[in-house]
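To start, the structure itself, in structure tokens.
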Amino acid sequence: MLGNASHGISVSVIAPAAYLRDFAAQDPSTVHHVAAQRVLADPEYRAFFLEEAELGAAVIVDNGVFDLGGALPAADLVHAARAVHAQEIILPDVMHDGPATIRASDLAAAQILDITDEFRLCAVVHAADDREWNHVYDHFASRDYTGSIAFPASRSREPSRELAKNRVAATAYLEETGRVVPGLTYRLLGFGRTGHLELIAQRAHIWISSVDGAAPVLLGVMGVRMLPRGPYDKPPTPRVETIGHIDPGRFALIRDNINTVRAAAGDPVKIREAR
């Protein structure tokens, strides 16, 4: 599927906290995905994303489950969101488990709304198979609390047509069956099996708003160049929070990788020069 040349998907680059200004600063500031636990624990991390919000970025606070193994309590998510003037909170999710994701998201949404209704709430579609995927999607698409829906990266090493394992197939299926809900925001979480190449196809869907990921930074740190037309064969990478020092000699490659991803996504944003 060829992308829509007129539609761009905003890219939020995930970078180590010490290098946010080198790789994640945006010109213009558009959208950032941030880790709630790091907002609460790291004053410099918090200050950077507050500055980006004040420059016009939509800040989206993630619930921490991917890094921590469990989501932060609702009150902590609200506290983190307020600290960086966020617009949206990603609700708790459970990898590959649709029913558990529904329970966790419904509960957290109720708890957050007991505190405040100032944030858009984003539900993540997880499932074990196609039947479950349809059920989870329909559940979230019909909830009054849902302002956004996100699809996690397709991380299977082998190609699949299952909706739960192939994000390109899932988004095409929604469009073909007329199940995209007007007024909802749709997001992609992370880079999957085909990396930035997926974004060329996803641009066919003008309703997809954003994607986030650390791959262009992590691969650049490892000396791996992301080629505009592929192939994309991602080796195992460290977690972004484990990265300490980055060799300045890798900076140009990291920035090239970020530019490659943004070109694939049709995102005209540049890295803002340090002031």
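How things are named: the first chain in the structure tokens is A, the next is B, and so on; residues count from 1 in each chain; ligands count from 1 in the order shown.
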Problem - Backbone DSSP call of strand (DSSP E) for range 107-163 of chain A, listed as a PyMOL selection string - result: chain A and resi 120-124+146-152
Sorted per-residue table, range 14-79 of chain A near range 257-260 of chain A, closest atoms and distance, 12 Å, only C-alpha atoms, as JSON lines:
```
{"residue": "A:Ile14", "atom": "CA", "partner": "A:Ile258", "partner_atom": "CA", "distance": 10.3}
{"residue": "A:Ala15", "atom": "CA", "partner": "A:Ile258", "partner_atom": "CA", "distance": 10.9}
{"residue": "A:Asp22", "atom": "CA", "partner": "A:Ile258", "partner_atom": "CA", "distance": 11.4}
{"residue": "A:Phe23", "atom": "CA", "partner": "A:Ile258", "partner_atom": "CA", "distance": 8.0}
{"residue": "A:Ala24", "atom": "CA", "partner": "A:Ile258", "partner_atom": "CA", "distance": 9.3}
{"residue": "A:Ala25", "atom": "CA", "partner": "A:Ile258", "partner_atom": "CA", "distance": 11.6}
{"residue": "A:Gln26", "atom": "CA", "partner": "A:Ile258", "partner_atom": "CA", "distance": 11.4}
```
Preceding selection exported with N, CA, C and O atoms as a PDB file, in the first residue's frame:
```pdb
ATOM      1  N   ILE A  14      11.729   9.074  21.142  1.00  0.00           N
ATOM      2  CA  ILE A  14      12.051   8.745  22.527  1.00  0.00           C
ATOM      3  C   ILE A  14      13.569   8.687  22.657  1.00  0.00           C
ATOM      4  O   ILE A  14      14.233   7.937  21.927  1.00  0.00           O
ATOM      5  N   ALA A  15      14.117   9.466  23.572  1.00  0.00           N
ATOM      6  CA  ALA A  15      15.569   9.555  23.733  1.00  0.00           C
ATOM      7  C   ALA A  15      15.931   9.484  25.213  1.00  0.00           C
ATOM      8  O   ALA A  15      15.103   9.785  26.082  1.00  0.00           O
ATOM      9  N   ASP A  22      19.155  17.128  22.407  1.00  0.00           N
ATOM     10  CA  ASP A  22      19.921  16.793  21.210  1.00  0.00           C
ATOM     11  C   ASP A  22      19.072  16.124  20.143  1.00  0.00           C
ATOM     12  O   ASP A  22      19.313  16.312  18.949  1.00  0.00           O
ATOM     13  N   PHE A  23      18.078  15.321  20.576  1.00  0.00           N
ATOM     14  CA  PHE A  23      17.366  14.486  19.605  1.00  0.00           C
ATOM     15  C   PHE A  23      15.837  14.608  19.641  1.00  0.00           C
ATOM     16  O   PHE A  23      15.182  14.339  18.633  1.00  0.00           O
ATOM     17  N   ALA A  24      15.257  15.001  20.767  1.00  0.00           N
ATOM     18  CA  ALA A  24      13.796  14.999  20.888  1.00  0.00           C
ATOM     19  C   ALA A  24      13.172  16.377  20.761  1.00  0.00           C
ATOM     20  O   ALA A  24      11.958  16.485  20.564  1.00  0.00           O
ATOM     21  N   ALA A  25      13.939  17.446  20.886  1.00  0.00           N
ATOM     22  CA  ALA A  25      13.387  18.790  20.768  1.00  0.00           C
ATOM     23  C   ALA A  25      12.825  18.987  19.356  1.00  0.00           C
ATOM     24  O   ALA A  25      13.451  18.575  18.370  1.00  0.00           O
ATOM     25  N   GLN A  26      11.662  19.614  19.257  1.00  0.00           N
ATOM     26  CA  GLN A  26      10.966  19.699  17.972  1.00  0.00           C
ATOM     27  C   GLN A  26      10.804  21.146  17.506  1.00  0.00           C
ATOM     28  O   GLN A  26      10.574  22.049  18.308  1.00  0.00           O
TER      29      GLN A  26
END
```
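Candidate residues A:Gly190, A:Pro238, A:Pro228, A:Gly223 were compared for distance to His33 in chain A, and the nearest is A:Gly190, using only C-alpha atoms.
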May I have the residues within 9 Å of range 143-150 of chain A as an mmCIF file with N, CA, C and O atoms, in the first residue's frame, using only C-alpha atoms and disregarding those fewer than 4 positions away in the same chain?
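Saved result, part11.cif, follows:
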```cif
data_model
loop_
_atom_site.group_PDB
_atom_site.id
_atom_site.type_symbol
_atom_site.label_atom_id
_atom_site.label_comp_id
_atom_site.auth_asym_id
_atom_site.auth_seq_id
_atom_site.Cartn_x
_atom_site.Cartn_y
_atom_site.Cartn_z
ATOM 1 N N GLU A 88 -3.217 14.439 27.324
ATOM 2 C CA GLU A 88 -3.743 13.077 27.199
ATOM 3 C C GLU A 88 -2.997 12.127 28.124
ATOM 4 O O GLU A 88 -1.795 12.298 28.371
ATOM 5 N N ILE A 90 -2.421 7.895 28.582
ATOM 6 C CA ILE A 90 -2.626 6.549 28.046
ATOM 7 C C ILE A 90 -3.011 5.630 29.198
ATOM 8 O O ILE A 90 -2.285 5.511 30.190
ATOM 9 N N ASP A 106 -10.833 0.360 31.981
ATOM 10 C CA ASP A 106 -12.116 0.823 32.523
ATOM 11 C C ASP A 106 -11.949 1.319 33.960
ATOM 12 O O ASP A 106 -12.495 2.363 34.341
ATOM 13 N N ALA A 109 -9.837 4.606 33.997
ATOM 14 C CA ALA A 109 -10.620 5.725 33.473
ATOM 15 C C ALA A 109 -11.591 6.232 34.530
ATOM 16 O O ALA A 109 -11.729 7.454 34.737
ATOM 17 N N ALA A 110 -12.269 5.326 35.215
ATOM 18 C CA ALA A 110 -13.207 5.739 36.258
ATOM 19 C C ALA A 110 -12.479 6.466 37.384
ATOM 20 O O ALA A 110 -12.962 7.492 37.898
ATOM 21 N N LEU A 113 -11.359 9.952 36.135
ATOM 22 C CA LEU A 113 -12.506 10.854 35.997
ATOM 23 C C LEU A 113 -13.109 11.225 37.347
ATOM 24 O O LEU A 113 -13.781 12.265 37.454
ATOM 25 N N PHE A 119 -8.239 15.739 30.991
ATOM 26 C CA PHE A 119 -7.358 15.066 30.027
ATOM 27 C C PHE A 119 -8.141 14.147 29.105
ATOM 28 O O PHE A 119 -9.089 13.484 29.525
ATOM 29 N N ARG A 120 -7.715 14.104 27.841
ATOM 30 C CA ARG A 120 -8.215 13.074 26.930
ATOM 31 C C ARG A 120 -7.631 11.735 27.382
ATOM 32 O O ARG A 120 -6.471 11.664 27.790
ATOM 33 N N LEU A 121 -8.427 10.676 27.309
ATOM 34 C CA LEU A 121 -7.972 9.350 27.733
ATOM 35 C C LEU A 121 -7.804 8.460 26.505
ATOM 36 O O LEU A 121 -8.672 8.406 25.641
ATOM 37 N N CYS A 122 -6.668 7.762 26.479
ATOM 38 C CA CYS A 122 -6.303 6.926 25.333
ATOM 39 C C CYS A 122 -6.320 5.460 25.742
ATOM 40 O O CYS A 122 -5.650 5.064 26.708
ATOM 41 N N ALA A 123 -7.065 4.645 25.023
ATOM 42 C CA ALA A 123 -7.128 3.207 25.261
ATOM 43 C C ALA A 123 -6.275 2.475 24.238
ATOM 44 O O ALA A 123 -6.243 2.846 23.056
ATOM 45 N N VAL A 124 -5.579 1.429 24.688
ATOM 46 C CA VAL A 124 -4.675 0.661 23.831
ATOM 47 C C VAL A 124 -5.315 -0.688 23.509
ATOM 48 O O VAL A 124 -5.784 -1.396 24.407
ATOM 49 N N VAL A 125 -5.311 -1.053 22.234
ATOM 50 C CA VAL A 125 -5.950 -2.294 21.790
ATOM 51 C C VAL A 125 -4.937 -3.440 21.843
ATOM 52 O O VAL A 125 -4.019 -3.504 21.021
ATOM 53 N N TYR A 137 -11.441 -3.642 20.436
ATOM 54 C CA TYR A 137 -11.599 -2.399 19.682
ATOM 55 C C TYR A 137 -13.016 -1.843 19.815
ATOM 56 O O TYR A 137 -13.211 -0.648 20.088
ATOM 57 N N ASP A 138 -14.022 -2.692 19.619
ATOM 58 C CA ASP A 138 -15.404 -2.226 19.702
ATOM 59 C C ASP A 138 -15.743 -1.704 21.098
ATOM 60 O O ASP A 138 -16.486 -0.726 21.246
ATOM 61 N N HIS A 139 -15.197 -2.353 22.113
ATOM 62 C CA HIS A 139 -15.437 -1.896 23.484
ATOM 63 C C HIS A 139 -14.924 -0.463 23.660
ATOM 64 O O HIS A 139 -15.672 0.424 24.112
ATOM 65 N N GLY A 183 -14.015 11.795 15.127
ATOM 66 C CA GLY A 183 -13.818 12.479 16.400
ATOM 67 C C GLY A 183 -12.819 11.830 17.320
ATOM 68 O O GLY A 183 -12.298 12.485 18.234
ATOM 69 N N LEU A 184 -12.540 10.545 17.124
ATOM 70 C CA LEU A 184 -11.500 9.886 17.910
ATOM 71 C C LEU A 184 -10.128 10.165 17.285
ATOM 72 O O LEU A 184 -9.997 10.299 16.064
ATOM 73 N N THR A 185 -9.118 10.249 18.139
ATOM 74 C CA THR A 185 -7.737 10.351 17.690
ATOM 75 C C THR A 185 -7.134 8.949 17.688
ATOM 76 O O THR A 185 -7.342 8.183 18.628
ATOM 77 N N TYR A 186 -6.391 8.622 16.633
ATOM 78 C CA TYR A 186 -5.779 7.295 16.530
ATOM 79 C C TYR A 186 -4.256 7.438 16.515
ATOM 80 O O TYR A 186 -3.711 8.295 15.810
ATOM 81 N N ARG A 187 -3.588 6.580 17.298
ATOM 82 C CA ARG A 187 -2.135 6.646 17.420
ATOM 83 C C ARG A 187 -1.501 5.264 17.223
ATOM 84 O O ARG A 187 -2.146 4.236 17.448
ATOM 85 N N LEU A 188 -0.224 5.280 16.851
ATOM 86 C CA LEU A 188 0.597 4.074 16.780
ATOM 87 C C LEU A 188 1.625 4.156 17.894
ATOM 88 O O LEU A 188 2.253 5.197 18.094
ATOM 89 N N LEU A 189 1.796 3.060 18.624
ATOM 90 C CA LEU A 189 2.767 3.032 19.716
ATOM 91 C C LEU A 189 3.958 2.174 19.327
ATOM 92 O O LEU A 189 3.846 0.960 19.166
#
```
Problem - Nearest candidate to Val59 in chain A (options A:Ala75, A:Asp247, A:Val261, A:His85; using only C-alpha atoms) - result: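 Using only C-alpha atoms, the shortest distance to Val59 in chain A belongs to A:His85.
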Practice task
Might you pull out every residue within 12 Å of range 205-209 of chain A, with only C-alpha atoms counted and same-chain residues fewer than 4 positions away left off, and present them as a VMD selection string?
Solution key: chain A and resid 1 to 12 30 to 32 58 148 to 151 167 to 176 179 to 189 198 to 201 265 to 267
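Contact shell of Thr101 in chain A at 7 Å (only C-alpha atoms; same-chain neighbours under 4 positions omitted): Pro92, Asp93, Val94, Asp97, Ser105 and His126 of chain A.
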Write the residues of the selection above to a file with all heavy atoms, as a PDB file, in the first residue's frame.
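The file below, result_5.pdb, is the result:
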```
ATOM      1  N   PRO A  92      -3.917   2.196  31.414  1.00  0.00           N
ATOM      2  CA  PRO A  92      -3.193   0.933  31.605  1.00  0.00           C
ATOM      3  C   PRO A  92      -3.631  -0.143  30.607  1.00  0.00           C
ATOM      4  O   PRO A  92      -4.809  -0.231  30.234  1.00  0.00           O
ATOM      5  CB  PRO A  92      -3.565   0.528  33.038  1.00  0.00           C
ATOM      6  CG  PRO A  92      -3.895   1.827  33.713  1.00  0.00           C
ATOM      7  CD  PRO A  92      -4.540   2.673  32.658  1.00  0.00           C
ATOM      8  N   ASP A  93      -2.662  -0.950  30.193  1.00  0.00           N
ATOM      9  CA  ASP A  93      -2.925  -2.021  29.232  1.00  0.00           C
ATOM     10  C   ASP A  93      -2.124  -3.244  29.645  1.00  0.00           C
ATOM     11  O   ASP A  93      -1.171  -3.147  30.416  1.00  0.00           O
ATOM     12  CB  ASP A  93      -2.574  -1.584  27.808  1.00  0.00           C
ATOM     13  CG  ASP A  93      -1.171  -0.985  27.706  1.00  0.00           C
ATOM     14  OD1 ASP A  93      -0.842  -0.084  28.496  1.00  0.00           O
ATOM     15  OD2 ASP A  93      -0.385  -1.410  26.835  1.00  0.00           O
ATOM     16  N   VAL A  94      -2.533  -4.394  29.126  1.00  0.00           N
ATOM     17  CA  VAL A  94      -1.871  -5.662  29.447  1.00  0.00           C
ATOM     18  C   VAL A  94      -1.503  -6.332  28.130  1.00  0.00           C
ATOM     19  O   VAL A  94      -2.383  -6.654  27.316  1.00  0.00           O
ATOM     20  CB  VAL A  94      -2.781  -6.577  30.288  1.00  0.00           C
ATOM     21  CG1 VAL A  94      -2.051  -7.886  30.614  1.00  0.00           C
ATOM     22  CG2 VAL A  94      -3.224  -5.867  31.558  1.00  0.00           C
ATOM     23  N   ASP A  97      -3.390  -9.363  26.092  1.00  0.00           N
ATOM     24  CA  ASP A  97      -4.519  -9.833  26.896  1.00  0.00           C
ATOM     25  C   ASP A  97      -5.645  -8.810  26.817  1.00  0.00           C
ATOM     26  O   ASP A  97      -5.646  -7.820  27.554  1.00  0.00           O
ATOM     27  CB  ASP A  97      -4.076 -10.056  28.341  1.00  0.00           C
ATOM     28  CG  ASP A  97      -5.123 -10.785  29.174  1.00  0.00           C
ATOM     29  OD1 ASP A  97      -6.327 -10.650  28.881  1.00  0.00           O
ATOM     30  OD2 ASP A  97      -4.729 -11.484  30.132  1.00  0.00           O
ATOM     31  N   SER A 105      -8.193  -0.676  31.909  1.00  0.00           N
ATOM     32  CA  SER A 105      -8.495   0.639  31.346  1.00  0.00           C
ATOM     33  C   SER A 105      -9.798   1.198  31.890  1.00  0.00           C
ATOM     34  O   SER A 105      -9.894   2.382  32.226  1.00  0.00           O
ATOM     35  CB  SER A 105      -8.551   0.555  29.821  1.00  0.00           C
ATOM     36  OG  SER A 105      -7.284   0.269  29.282  1.00  0.00           O
ATOM     37  N   HIS A 126      -5.109  -4.321  22.835  1.00  0.00           N
ATOM     38  CA  HIS A 126      -4.314  -5.546  22.934  1.00  0.00           C
ATOM     39  C   HIS A 126      -5.241  -6.738  22.769  1.00  0.00           C
ATOM     40  O   HIS A 126      -6.414  -6.680  23.159  1.00  0.00           O
ATOM     41  CB  HIS A 126      -3.626  -5.650  24.295  1.00  0.00           C
ATOM     42  CG  HIS A 126      -2.411  -4.805  24.433  1.00  0.00           C
ATOM     43  ND1 HIS A 126      -1.231  -5.087  23.785  1.00  0.00           N
ATOM     44  CD2 HIS A 126      -2.188  -3.678  25.147  1.00  0.00           C
ATOM     45  CE1 HIS A 126      -0.323  -4.163  24.106  1.00  0.00           C
ATOM     46  NE2 HIS A 126      -0.882  -3.299  24.921  1.00  0.00           N
TER      47      HIS A 126
END
```
